[in-house]
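Shown here: data28.csv, CSV, N, CA and C atoms and all ligand atoms.
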chain,number,residue,atom,x,y,z
F,105,MET,N,11.8,45.9,16.8
F,105,MET,CA,10.8,45.1,16.0
F,105,MET,C,9.4,45.6,16.5
F,106,THR,N,8.5,45.6,15.5
F,106,THR,CA,7.2,46.0,15.8
F,106,THR,C,6.4,44.9,16.5
F,107,THR,N,5.7,45.3,17.6
F,107,THR,CA,4.8,44.3,18.3
F,107,THR,C,3.4,44.7,18.0
F,108,ILE,N,2.6,43.7,17.6
F,108,ILE,CA,1.2,44.0,17.4
F,108,ILE,C,0.4,43.3,18.4
F,109,LYS,N,-0.5,44.0,19.0
F,109,LYS,CA,-1.4,43.4,20.0
F,109,LYS,C,-2.7,42.9,19.4
F,110,ALA,N,-3.0,41.7,19.7
F,110,ALA,CA,-4.3,41.1,19.1
F,110,ALA,C,-5.0,40.4,20.3
F,111,SER,N,-6.1,39.9,20.0
F,111,SER,CA,-6.9,39.3,21.1
F,111,SER,C,-7.3,37.9,20.7
F,112,CYS,N,-7.0,36.9,21.5
F,112,CYS,CA,-7.5,35.5,21.4
F,112,CYS,C,-8.7,35.4,22.2
F,113,PRO,N,-9.8,34.8,21.6
F,113,PRO,CA,-11.0,34.6,22.4
F,113,PRO,C,-10.9,33.8,23.6
F,114,THR,N,-9.9,32.9,23.7
F,114,THR,CA,-9.7,32.1,24.9
F,114,THR,C,-8.7,32.7,25.8
F,115,CYS,N,-7.6,33.2,25.3
F,115,CYS,CA,-6.5,33.7,26.2
F,115,CYS,C,-6.5,35.2,26.5
F,116,GLY,N,-7.2,35.9,25.7
F,116,GLY,CA,-7.2,37.4,25.9
F,116,GLY,C,-6.1,38.0,25.0
F,117,ASP,N,-5.5,39.1,25.5
F,117,ASP,CA,-4.5,39.8,24.7
F,117,ASP,C,-3.3,39.0,24.5
F,118,VAL,N,-2.8,39.0,23.3
F,118,VAL,CA,-1.5,38.4,22.9
F,118,VAL,C,-0.7,39.4,22.1
F,119,GLU,N,0.6,39.2,22.1
F,119,GLU,CA,1.5,40.1,21.4
F,119,GLU,C,2.1,39.3,20.2
F,120,LEU,N,2.2,39.8,19.1
F,120,LEU,CA,2.6,39.1,17.9
F,120,LEU,C,3.6,40.0,17.1
F,121,THR,N,4.5,39.4,16.3
F,121,THR,CA,5.3,40.1,15.4
F,121,THR,C,4.6,40.1,14.0
F,122,PRO,N,4.9,41.0,13.1
F,122,PRO,CA,4.2,41.1,11.8
F,122,PRO,C,4.3,39.8,11.1
F,123,THR,N,5.3,39.0,11.2
F,123,THR,CA,5.4,37.7,10.5
F,123,THR,C,4.5,36.6,11.1
F,124,GLN,N,4.0,36.8,12.2
F,124,GLN,CA,3.1,35.9,12.9
F,124,GLN,C,1.6,36.1,12.4
F,125,LEU,N,1.4,37.2,11.7
F,125,LEU,CA,0.1,37.5,11.3
F,125,LEU,C,-0.1,37.2,9.8
F,126,ARG,N,-1.2,36.8,9.4
F,126,ARG,CA,-1.6,36.6,8.0
F,126,ARG,C,-2.7,37.6,7.7
F,127,LEU,N,-2.5,38.4,6.7
F,127,LEU,CA,-3.5,39.4,6.3
F,127,LEU,C,-4.0,39.2,4.9
F,128,VAL,N,-5.2,38.9,4.7
F,128,VAL,CA,-5.8,38.7,3.4
F,128,VAL,C,-6.7,39.8,3.1
F,129,VAL,N,-6.4,40.5,2.0
F,129,VAL,CA,-7.2,41.7,1.6
F,129,VAL,C,-8.0,41.3,0.3
F,130,ALA,N,-9.3,41.1,0.4
F,130,ALA,CA,-10.1,40.7,-0.7
F,130,ALA,C,-10.7,41.9,-1.4
F,131,ASN,N,-11.1,41.7,-2.7
F,131,ASN,CA,-11.7,42.8,-3.4
F,131,ASN,C,-13.0,43.1,-2.9
F,132,VAL,N,-13.6,42.3,-2.0
F,132,VAL,CA,-14.8,42.6,-1.3
F,132,VAL,C,-14.4,42.8,0.1
F,133,THR,N,-14.6,44.0,0.7
F,133,THR,CA,-14.0,44.3,2.0
F,133,THR,C,-14.5,43.3,3.1
F,134,GLU,N,-15.8,42.9,2.9
F,134,GLU,CA,-16.3,42.0,4.0
F,134,GLU,C,-15.6,40.7,4.1
F,135,ARG,N,-14.9,40.3,3.0
F,135,ARG,CA,-14.2,39.0,3.0
F,135,ARG,C,-12.7,39.1,3.5
F,136,SER,N,-12.3,40.3,3.7
F,136,SER,CA,-10.9,40.5,4.2
F,136,SER,C,-10.8,40.0,5.6
F,137,PHE,N,-9.6,39.5,6.0
F,137,PHE,CA,-9.5,39.0,7.3
F,137,PHE,C,-8.0,39.0,7.7
F,138,TYR,N,-7.7,38.9,9.0
F,138,TYR,CA,-6.4,38.6,9.5
F,138,TYR,C,-6.5,37.4,10.4
F,139,SER,N,-5.4,36.6,10.5
F,139,SER,CA,-5.4,35.5,11.3
F,139,SER,C,-4.0,35.3,11.9
F,140,PHE,N,-4.0,34.5,13.0
F,140,PHE,CA,-2.7,34.1,13.7
F,140,PHE,C,-3.0,32.9,14.5
F,141,HIS,N,-1.9,32.2,14.8
F,141,HIS,CA,-2.0,31.1,15.7
F,141,HIS,C,-1.6,31.6,17.1
F,142,CYS,N,-2.4,31.4,18.0
F,142,CYS,CA,-2.2,31.9,19.4
F,142,CYS,C,-1.0,31.1,20.0
F,143,ALA,N,-0.1,31.8,20.6
F,143,ALA,CA,1.1,31.1,21.1
F,143,ALA,C,0.8,30.3,22.4
F,144,LYS,N,-0.3,30.8,23.1
F,144,LYS,CA,-0.7,30.1,24.4
F,144,LYS,C,-1.5,28.9,24.2
F,145,CYS,N,-2.6,29.0,23.4
F,145,CYS,CA,-3.5,27.8,23.2
F,145,CYS,C,-3.4,27.2,21.9
F,146,THR,N,-2.6,27.7,21.0
F,146,THR,CA,-2.3,27.2,19.6
F,146,THR,C,-3.5,27.2,18.7
F,147,SER,N,-4.6,27.8,19.1
F,147,SER,CA,-5.8,28.0,18.2
F,147,SER,C,-5.5,28.9,17.1
F,148,GLU,N,-6.1,28.7,16.0
F,148,GLU,CA,-6.0,29.7,14.9
F,148,GLU,C,-7.1,30.7,15.2
F,149,VAL,N,-6.8,32.0,15.3
F,149,VAL,CA,-7.7,33.0,15.5
F,149,VAL,C,-7.9,33.8,14.2
F,150,ARG,N,-9.1,33.9,13.7
F,150,ARG,CA,-9.4,34.6,12.5
F,150,ARG,C,-10.4,35.7,12.7
F,151,LYS,N,-10.1,36.9,12.2
F,151,LYS,CA,-11.0,38.0,12.5
F,151,LYS,C,-11.2,38.8,11.2
F,152,PRO,N,-12.3,39.5,11.0
F,152,PRO,CA,-12.5,40.3,9.9
F,152,PRO,C,-11.6,41.5,9.9
F,153,ALA,N,-11.2,42.0,8.7
F,153,ALA,CA,-10.3,43.2,8.7
F,153,ALA,C,-10.9,44.2,7.8
F,154,ASP,N,-11.4,45.3,8.4
F,154,ASP,CA,-12.0,46.4,7.6
F,154,ASP,C,-10.8,47.2,7.1
F,155,GLU,N,-11.1,48.3,6.4
F,155,GLU,CA,-10.0,49.1,5.8
F,155,GLU,C,-9.1,49.7,6.8
F,156,GLU,N,-9.7,50.1,7.9
F,156,GLU,CA,-8.9,50.7,9.0
F,156,GLU,C,-7.9,49.7,9.6
F,157,ILE,N,-8.3,48.4,9.8
F,157,ILE,CA,-7.5,47.4,10.4
F,157,ILE,C,-6.4,47.0,9.3
F,158,VAL,N,-6.8,46.9,8.1
F,158,VAL,CA,-5.8,46.6,7.0
F,158,VAL,C,-4.7,47.7,7.0
F,159,ALA,N,-5.1,49.0,7.0
F,159,ALA,CA,-4.1,50.0,7.0
F,159,ALA,C,-3.2,50.0,8.3
F,160,LEU,N,-3.8,49.7,9.4
F,160,LEU,CA,-3.0,49.6,10.6
F,160,LEU,C,-2.0,48.4,10.6
F,161,LEU,N,-2.4,47.3,10.1
F,161,LEU,CA,-1.5,46.1,10.1
F,161,LEU,C,-0.4,46.3,9.0
F,162,VAL,N,-0.8,46.9,7.9
F,162,VAL,CA,0.2,47.1,6.8
F,162,VAL,C,1.3,48.1,7.3
F,163,SER,N,0.8,49.1,8.0
F,163,SER,CA,1.8,50.1,8.6
F,163,SER,C,2.6,49.5,9.6
F,164,GLY,N,2.2,48.4,10.3
F,164,GLY,CA,3.0,47.7,11.2
F,164,GLY,C,3.9,46.7,10.6
F,165,GLY,N,3.9,46.5,9.3
F,165,GLY,CA,4.8,45.6,8.6
F,165,GLY,C,4.2,44.3,8.3
F,166,VAL,N,2.9,44.1,8.4
F,166,VAL,CA,2.3,42.8,8.0
F,166,VAL,C,2.1,42.9,6.5
F,167,ARG,N,2.6,41.8,5.8
F,167,ARG,CA,2.4,41.7,4.4
F,167,ARG,C,1.0,41.3,4.0
F,168,ALA,N,0.4,42.0,3.1
F,168,ALA,CA,-1.0,41.7,2.7
F,168,ALA,C,-1.0,40.8,1.5
F,169,GLU,N,-1.8,39.7,1.6
F,169,GLU,CA,-2.1,38.9,0.4
F,169,GLU,C,-3.4,39.4,-0.2
F,170,ARG,N,-3.3,39.5,-1.5
F,170,ARG,CA,-4.5,40.1,-2.2
F,170,ARG,C,-5.3,38.9,-2.8
F,171,TRP,N,-6.6,38.9,-2.6
F,171,TRP,CA,-7.5,37.9,-3.1
F,171,TRP,C,-8.5,38.6,-4.0
F,172,THR,N,-8.8,38.0,-5.1
F,172,THR,CA,-9.8,38.4,-6.0
F,172,THR,C,-10.9,37.3,-6.0
F,173,ILE,N,-12.0,37.7,-5.4
F,173,ILE,CA,-13.1,36.7,-5.3
F,173,ILE,C,-13.9,36.8,-6.6
F,174,PRO,N,-14.1,35.7,-7.4
F,174,PRO,CA,-14.8,35.7,-8.6
F,174,PRO,C,-16.3,36.1,-8.4
F,175,ALA,N,-16.8,36.8,-9.4
F,175,ALA,CA,-18.2,37.3,-9.2
F,175,ALA,C,-19.2,36.2,-9.0
F,176,GLU,N,-18.9,35.0,-9.6
F,176,GLU,CA,-19.9,33.9,-9.5
F,176,GLU,C,-19.9,33.4,-8.0
F,177,ALA,N,-18.8,33.5,-7.3
F,177,ALA,CA,-18.8,33.1,-5.9
F,177,ALA,C,-19.6,34.0,-5.0
F,178,LEU,N,-19.9,35.2,-5.5
F,178,LEU,CA,-20.7,36.2,-4.8
F,178,LEU,C,-22.2,36.2,-5.2
F,179,GLU,N,-22.5,35.4,-6.2
F,179,GLU,CA,-23.9,35.4,-6.6
F,179,GLU,C,-24.8,34.9,-5.5
F,180,VAL,N,-26.0,35.6,-5.4
F,180,VAL,CA,-27.0,35.1,-4.5
F,180,VAL,C,-27.8,34.0,-5.2
F,181,ARG,N,-27.9,32.9,-4.5
F,181,ARG,CA,-28.6,31.7,-5.1
F,181,ARG,C,-30.0,31.6,-4.5
F,182,ALA,N,-30.9,31.2,-5.3
F,182,ALA,CA,-32.3,31.0,-4.8
F,182,ALA,C,-32.8,29.7,-5.5
F,183,GLY,N,-33.9,29.2,-5.0
F,183,GLY,CA,-34.5,28.0,-5.5
F,183,GLY,C,-34.0,26.8,-4.9
F,184,ASP,N,-34.5,25.7,-5.4
F,184,ASP,CA,-34.1,24.4,-4.8
F,184,ASP,C,-32.8,23.9,-5.3
F,185,ARG,N,-32.1,23.1,-4.6
F,185,ARG,CA,-30.9,22.5,-5.0
F,185,ARG,C,-31.1,21.5,-6.2
F,186,ILE,N,-30.1,21.3,-7.0
F,186,ILE,CA,-30.2,20.4,-8.1
F,186,ILE,C,-30.2,19.0,-7.5
F,187,SER,N,-31.2,18.2,-7.9
F,187,SER,CA,-31.3,16.8,-7.4
F,187,SER,C,-30.7,15.8,-8.4
F,188,TYR,N,-30.6,14.6,-8.0
F,188,TYR,CA,-30.1,13.5,-8.8
F,188,TYR,C,-31.0,13.4,-10.1
F,189,ASP,N,-32.3,13.5,-9.9
F,189,ASP,CA,-33.2,13.4,-11.0
F,189,ASP,C,-33.0,14.5,-12.0
F,190,ASP,N,-32.7,15.7,-11.5
F,190,ASP,CA,-32.4,16.9,-12.4
F,190,ASP,C,-31.2,16.6,-13.3
F,191,VAL,N,-30.2,15.9,-12.7
F,191,VAL,CA,-29.0,15.6,-13.5
F,191,VAL,C,-29.3,14.6,-14.5
F,192,LEU,N,-30.1,13.6,-14.1
F,192,LEU,CA,-30.5,12.5,-15.1
F,192,LEU,C,-31.3,13.1,-16.2
F,193,ASP,N,-32.3,14.0,-15.9
F,193,ASP,CA,-33.1,14.7,-16.9
F,193,ASP,C,-32.2,15.5,-17.9
F,194,PHE,N,-31.1,16.1,-17.3
F,194,PHE,CA,-30.2,16.9,-18.1
F,194,PHE,C,-29.4,16.0,-19.1
F,195,ALA,N,-29.0,14.8,-18.6
F,195,ALA,CA,-28.2,13.9,-19.4
F,195,ALA,C,-29.1,13.3,-20.5
F,196,LEU,N,-30.4,13.1,-20.2
F,196,LEU,CA,-31.3,12.6,-21.3
F,196,LEU,C,-31.6,13.7,-22.3
F,197,ALA,N,-31.7,14.9,-21.8
F,197,ALA,CA,-31.9,16.0,-22.8
F,197,ALA,C,-30.7,16.1,-23.7
F,198,LEU,N,-29.5,15.9,-23.2
F,198,LEU,CA,-28.3,16.0,-24.0
F,198,LEU,C,-28.3,14.9,-25.1
F,199,ASP,N,-28.8,13.7,-24.7
F,199,ASP,CA,-28.8,12.6,-25.6
F,199,ASP,C,-29.8,13.0,-26.8
F,200,ARG,N,-30.9,13.6,-26.4
F,200,ARG,CA,-31.9,14.0,-27.5
F,200,ARG,C,-31.3,15.1,-28.4
F,201,VAL,N,-30.4,15.9,-27.9
F,201,VAL,CA,-29.7,16.9,-28.7
F,201,VAL,C,-28.8,16.2,-29.7
F,202,ASP,N,-28.1,15.2,-29.2
F,202,ASP,CA,-27.2,14.5,-30.1
F,202,ASP,C,-28.0,13.8,-31.2
F,203,THR,N,-29.1,13.2,-30.9
F,203,THR,CA,-30.0,12.6,-31.9
F,203,THR,C,-30.5,13.6,-32.9
F,204,LEU,N,-30.9,14.7,-32.4
F,204,LEU,CA,-31.4,15.8,-33.3
F,204,LEU,C,-30.3,16.3,-34.2
F,205,THR,N,-29.1,16.5,-33.6
F,205,THR,CA,-28.0,16.9,-34.4
F,205,THR,C,-27.6,15.9,-35.5
F,206,ALA,N,-27.7,14.7,-35.1
F,206,ALA,CA,-27.3,13.6,-36.1
F,206,ALA,C,-28.4,13.6,-37.3
F,207,LEU,N,-29.6,13.9,-37.0
F,207,LEU,CA,-30.6,13.9,-38.0
F,207,LEU,C,-30.5,15.2,-38.9
F,208,LEU,N,-30.0,16.3,-38.3
F,208,LEU,CA,-29.9,17.5,-39.1
F,208,LEU,C,-28.6,17.6,-39.8
F,209,THR,N,-27.6,16.8,-39.5
F,209,THR,CA,-26.3,16.9,-40.1
F,209,THR,C,-26.3,16.1,-41.3
F,210,PRO,N,-25.9,16.7,-42.5
F,210,PRO,CA,-25.8,15.8,-43.7
F,210,PRO,C,-24.8,14.7,-43.5
F,211,SER,N,-25.1,13.6,-44.0
F,211,SER,CA,-24.2,12.4,-43.9
F,211,SER,C,-23.0,12.7,-44.8
F,212,SER,N,-21.9,12.1,-44.4
F,212,SER,CA,-20.6,12.3,-45.1
F,212,SER,C,-20.6,11.5,-46.4
F,213,GLY,N,-21.6,10.7,-46.6
F,213,GLY,CA,-21.7,9.9,-47.9
F,213,GLY,C,-20.8,8.6,-47.8
F,214,ALA,N,-20.5,8.2,-46.6
F,214,ALA,CA,-19.6,7.1,-46.5
F,214,ALA,C,-20.3,5.8,-46.8
H,301,ZN,ZN,-5.2,31.5,22.8
Starting from the coordinates I provided, produce the structure as structure tokens.
Amino acid sequence: MTTIKASCPTCGDVELTPTQLRLVVANVTERSFYSFHCAKCTSEVRKPADEEIVALLVSGGVRAERWTIPAEALEVRAGDRISYDDVLDFALALDRVDTLTALLTPSSGA
């Protein structure tokens, strides 16, 4: 059986089998990672996995999970956060749209 050496920040080097490792390969390399539960301290250890580490773990028998991160999750956000007042203003604006729509829509003649 293949033994994979990894490092726990608390315990140092640990030996794992491929099934004890979780490998997540994202469509954005910087989001790929591998993780395991340390047998000594039981902490979950999670570390980034670049292409070289992914190839090494896969060749060692670790099954890779594929993640597709949606583009909107990667958007850079700027500006202030939406406040409660902003949400109220939006709701009031929607109400004005309904009123305008009712005025512009021909009545059914009922
Ligand atoms: Zn540990």
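The residue set within 6.5 Å of Val166 in chain F, counting all atoms listed in the file and dropping same-chain residues fewer than 2 places from it, reads Pro122, Thr123, Leu125, Leu127, Leu161, Val162, Ser163, Gly164 and Ala168 of chain F.
Considering only C-alpha atoms and all ligand atoms, every residue of the polymer chains approaching ligand ZN 301 (chain H) to 12 Å or closer is listed here: F:Ala110, F:Ser111, F:Cys112, F:Pro113, F:Thr114, F:Cys115, F:Gly116, F:Asp117, F:Val118, F:Glu119, F:Leu120, F:Phe140, F:His141, F:Cys142, F:Ala143, F:Lys144, F:Cys145, F:Thr146, F:Ser147, F:Glu148, F:Val149, F:Arg150.
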Residues just named, written with N, CA and C atoms as a short mmCIF file (atom, residue, chain, number, x, y, z; two decimals), in the coordinates of the input:
data_model
loop_
_atom_site.label_atom_id
_atom_site.label_comp_id
_atom_site.auth_asym_id
_atom_site.auth_seq_id
_atom_site.Cartn_x
_atom_site.Cartn_y
_atom_site.Cartn_z
N ALA F 110 -3.00 41.70 19.70
CA ALA F 110 -4.30 41.10 19.10
C ALA F 110 -5.00 40.40 20.30
N SER F 111 -6.10 39.90 20.00
CA SER F 111 -6.90 39.30 21.10
C SER F 111 -7.30 37.90 20.70
N CYS F 112 -7.00 36.90 21.50
CA CYS F 112 -7.50 35.50 21.40
C CYS F 112 -8.70 35.40 22.20
N PRO F 113 -9.80 34.80 21.60
CA PRO F 113 -11.00 34.60 22.40
C PRO F 113 -10.90 33.80 23.60
N THR F 114 -9.90 32.90 23.70
CA THR F 114 -9.70 32.10 24.90
C THR F 114 -8.70 32.70 25.80
N CYS F 115 -7.60 33.20 25.30
CA CYS F 115 -6.50 33.70 26.20
C CYS F 115 -6.50 35.20 26.50
N GLY F 116 -7.20 35.90 25.70
CA GLY F 116 -7.20 37.40 25.90
C GLY F 116 -6.10 38.00 25.00
N ASP F 117 -5.50 39.10 25.50
CA ASP F 117 -4.50 39.80 24.70
C ASP F 117 -3.30 39.00 24.50
N VAL F 118 -2.80 39.00 23.30
CA VAL F 118 -1.50 38.40 22.90
C VAL F 118 -0.70 39.40 22.10
N GLU F 119 0.60 39.20 22.10
CA GLU F 119 1.50 40.10 21.40
C GLU F 119 2.10 39.30 20.20
N LEU F 120 2.20 39.80 19.10
CA LEU F 120 2.60 39.10 17.90
C LEU F 120 3.60 40.00 17.10
N PHE F 140 -4.00 34.50 13.00
CA PHE F 140 -2.70 34.10 13.70
C PHE F 140 -3.00 32.90 14.50
N HIS F 141 -1.90 32.20 14.80
CA HIS F 141 -2.00 31.10 15.70
C HIS F 141 -1.60 31.60 17.10
N CYS F 142 -2.40 31.40 18.00
CA CYS F 142 -2.20 31.90 19.40
C CYS F 142 -1.00 31.10 20.00
N ALA F 143 -0.10 31.80 20.60
CA ALA F 143 1.10 31.10 21.10
C ALA F 143 0.80 30.30 22.40
N LYS F 144 -0.30 30.80 23.10
CA LYS F 144 -0.70 30.10 24.40
C LYS F 144 -1.50 28.90 24.20
N CYS F 145 -2.60 29.00 23.40
CA CYS F 145 -3.50 27.80 23.20
C CYS F 145 -3.40 27.20 21.90
N THR F 146 -2.60 27.70 21.00
CA THR F 146 -2.30 27.20 19.60
C THR F 146 -3.50 27.20 18.70
N SER F 147 -4.60 27.80 19.10
CA SER F 147 -5.80 28.00 18.20
C SER F 147 -5.50 28.90 17.10
N GLU F 148 -6.10 28.70 16.00
CA GLU F 148 -6.00 29.70 14.90
C GLU F 148 -7.10 30.70 15.20
N VAL F 149 -6.80 32.00 15.30
CA VAL F 149 -7.70 33.00 15.50
C VAL F 149 -7.90 33.80 14.20
N ARG F 150 -9.10 33.90 13.70
CA ARG F 150 -9.40 34.60 12.50
C ARG F 150 -10.40 35.70 12.70
#
Pick out each residue of chain F that DSSP on the backbone tags as strand (DSSP E); I need them as a ChimeraX atom specification. /F:108-112,116-120,125-130,137-141,148-152,168-171
Please return, as a ChimeraX atom specification, all residues of chain F that DSSP assigns to helix (DSSP H, G or I) on the basis of the backbone. /F:122-124,133-135,155-163,175-178,188-208
Write to file, as a compact mmCIF listing (two decimals), in the frame of the given file, the residues of the selection just made, with N, CA and C atoms.
# COMPACT_ATOMS: atom_id res chain seq x y z
N PRO F 122 4.90 41.00 13.10
CA PRO F 122 4.20 41.10 11.80
C PRO F 122 4.30 39.80 11.10
N THR F 123 5.30 39.00 11.20
CA THR F 123 5.40 37.70 10.50
C THR F 123 4.50 36.60 11.10
N GLN F 124 4.00 36.80 12.20
CA GLN F 124 3.10 35.90 12.90
C GLN F 124 1.60 36.10 12.40
N THR F 133 -14.60 44.00 0.70
CA THR F 133 -14.00 44.30 2.00
C THR F 133 -14.50 43.30 3.10
N GLU F 134 -15.80 42.90 2.90
CA GLU F 134 -16.30 42.00 4.00
C GLU F 134 -15.60 40.70 4.10
N ARG F 135 -14.90 40.30 3.00
CA ARG F 135 -14.20 39.00 3.00
C ARG F 135 -12.70 39.10 3.50
N GLU F 155 -11.10 48.30 6.40
CA GLU F 155 -10.00 49.10 5.80
C GLU F 155 -9.10 49.70 6.80
N GLU F 156 -9.70 50.10 7.90
CA GLU F 156 -8.90 50.70 9.00
C GLU F 156 -7.90 49.70 9.60
N ILE F 157 -8.30 48.40 9.80
CA ILE F 157 -7.50 47.40 10.40
C ILE F 157 -6.40 47.00 9.30
N VAL F 158 -6.80 46.90 8.10
CA VAL F 158 -5.80 46.60 7.00
C VAL F 158 -4.70 47.70 7.00
N ALA F 159 -5.10 49.00 7.00
CA ALA F 159 -4.10 50.00 7.00
C ALA F 159 -3.20 50.00 8.30
N LEU F 160 -3.80 49.70 9.40
CA LEU F 160 -3.00 49.60 10.60
C LEU F 160 -2.00 48.40 10.60
N LEU F 161 -2.40 47.30 10.10
CA LEU F 161 -1.50 46.10 10.10
C LEU F 161 -0.40 46.30 9.00
N VAL F 162 -0.80 46.90 7.90
CA VAL F 162 0.20 47.10 6.80
C VAL F 162 1.30 48.10 7.30
N SER F 163 0.80 49.10 8.00
CA SER F 163 1.80 50.10 8.60
C SER F 163 2.60 49.50 9.60
N ALA F 175 -16.80 36.80 -9.40
CA ALA F 175 -18.20 37.30 -9.20
C ALA F 175 -19.20 36.20 -9.00
N GLU F 176 -18.90 35.00 -9.60
CA GLU F 176 -19.90 33.90 -9.50
C GLU F 176 -19.90 33.40 -8.00
N ALA F 177 -18.80 33.50 -7.30
CA ALA F 177 -18.80 33.10 -5.90
C ALA F 177 -19.60 34.00 -5.00
N LEU F 178 -19.90 35.20 -5.50
CA LEU F 178 -20.70 36.20 -4.80
C LEU F 178 -22.20 36.20 -5.20
N TYR F 188 -30.60 14.60 -8.00
CA TYR F 188 -30.10 13.50 -8.80
C TYR F 188 -31.00 13.40 -10.10
N ASP F 189 -32.30 13.50 -9.90
CA ASP F 189 -33.20 13.40 -11.00
C ASP F 189 -33.00 14.50 -12.00
N ASP F 190 -32.70 15.70 -11.50
CA ASP F 190 -32.40 16.90 -12.40
C ASP F 190 -31.20 16.60 -13.30
N VAL F 191 -30.20 15.90 -12.70
CA VAL F 191 -29.00 15.60 -13.50
C VAL F 191 -29.30 14.60 -14.50
N LEU F 192 -30.10 13.60 -14.10
CA LEU F 192 -30.50 12.50 -15.10
C LEU F 192 -31.30 13.10 -16.20
N ASP F 193 -32.30 14.00 -15.90
CA ASP F 193 -33.10 14.70 -16.90
C ASP F 193 -32.20 15.50 -17.90
N PHE F 194 -31.10 16.10 -17.30
CA PHE F 194 -30.20 16.90 -18.10
C PHE F 194 -29.40 16.00 -19.10
N ALA F 195 -29.00 14.80 -18.60
CA ALA F 195 -28.20 13.90 -19.40
C ALA F 195 -29.10 13.30 -20.50
N LEU F 196 -30.40 13.10 -20.20
CA LEU F 196 -31.30 12.60 -21.30
C LEU F 196 -31.60 13.70 -22.30
N ALA F 197 -31.70 14.90 -21.80
CA ALA F 197 -31.90 16.00 -22.80
C ALA F 197 -30.70 16.10 -23.70
N LEU F 198 -29.50 15.90 -23.20
CA LEU F 198 -28.30 16.00 -24.00
C LEU F 198 -28.30 14.90 -25.10
N ASP F 199 -28.80 13.70 -24.70
CA ASP F 199 -28.80 12.60 -25.60
C ASP F 199 -29.80 13.00 -26.80
N ARG F 200 -30.90 13.60 -26.40
CA ARG F 200 -31.90 14.00 -27.50
C ARG F 200 -31.30 15.10 -28.40
N VAL F 201 -30.40 15.90 -27.90
CA VAL F 201 -29.70 16.90 -28.70
C VAL F 201 -28.80 16.20 -29.70
N ASP F 202 -28.10 15.20 -29.20
CA ASP F 202 -27.20 14.50 -30.10
C ASP F 202 -28.00 13.80 -31.20
N THR F 203 -29.10 13.20 -30.90
CA THR F 203 -30.00 12.60 -31.90
C THR F 203 -30.50 13.60 -32.90
N LEU F 204 -30.90 14.70 -32.40
CA LEU F 204 -31.40 15.80 -33.30
C LEU F 204 -30.30 16.30 -34.20
N THR F 205 -29.10 16.50 -33.60
CA THR F 205 -28.00 16.90 -34.40
C THR F 205 -27.60 15.90 -35.50
N ALA F 206 -27.70 14.70 -35.10
CA ALA F 206 -27.30 13.60 -36.10
C ALA F 206 -28.40 13.60 -37.30
N LEU F 207 -29.60 13.90 -37.00
CA LEU F 207 -30.60 13.90 -38.00
C LEU F 207 -30.50 15.20 -38.90
N LEU F 208 -30.00 16.30 -38.30
CA LEU F 208 -29.90 17.50 -39.10
C LEU F 208 -28.60 17.60 -39.80
F:Ala197, F:Leu207, F:Ile186, F:Leu160: which is nearest Lys109 in chain F, counting only C-alpha atoms?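 For Lys109 in chain F, the nearest of the candidates is F:Leu160.
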In terms of the shortest atom-to-atom distance over only N, CA and C atoms, which of F:Ala153, F:Leu208, F:Val191, F:Ala177 is closest to Glu134 in chain F?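 Checking each candidate against Glu134 in chain F, we get F:Ala153 as the closest.
Using all atoms listed in the file for every distance, the candidate list F:Ile157, F:Val128, F:Val201, F:Ala195 yields F:Val128 as the residue closest to Glu169 in chain F.
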Quick one: axis-aligned box around all listed atoms of range 148-158 of chain F, 8 Å on every side, centre and edge lengths in Å to one decimal, written as AutoDock Vina command-line options.
--center_x -8.6 --center_y 39.7 --center_z 10.9 --size_x 23.8 --size_y 38.0 --size_z 26.2
Of the candidates F:Thr121, F:Lys151, F:Leu198, F:Tyr138, which one gets nearest to Met105 in chain F if we count only C-alpha atoms?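 Among the listed residues, the smallest separation from Met105 in chain F belongs to F:Thr121.
With all atoms listed in the file as the atoms that count, the minimum distance from Ala130 in chain F to the choices F:Glu155, F:Asp184, F:Arg170, F:Gly165 is reached by F:Arg170.
The coordinates place atom N of Pro152 in chain F at 14.4 Å from atom C of Gln124 in chain F.
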Gap from atom N of Trp171 in chain F to CA of Val158 in chain F - Å, one decimal: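 These atoms are spaced 12.3 Å apart.
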Could you tell me how far CA of Leu178 in chain F sits from CA of Arg126 in chain F, in Å to one decimal place? 23.0 Å
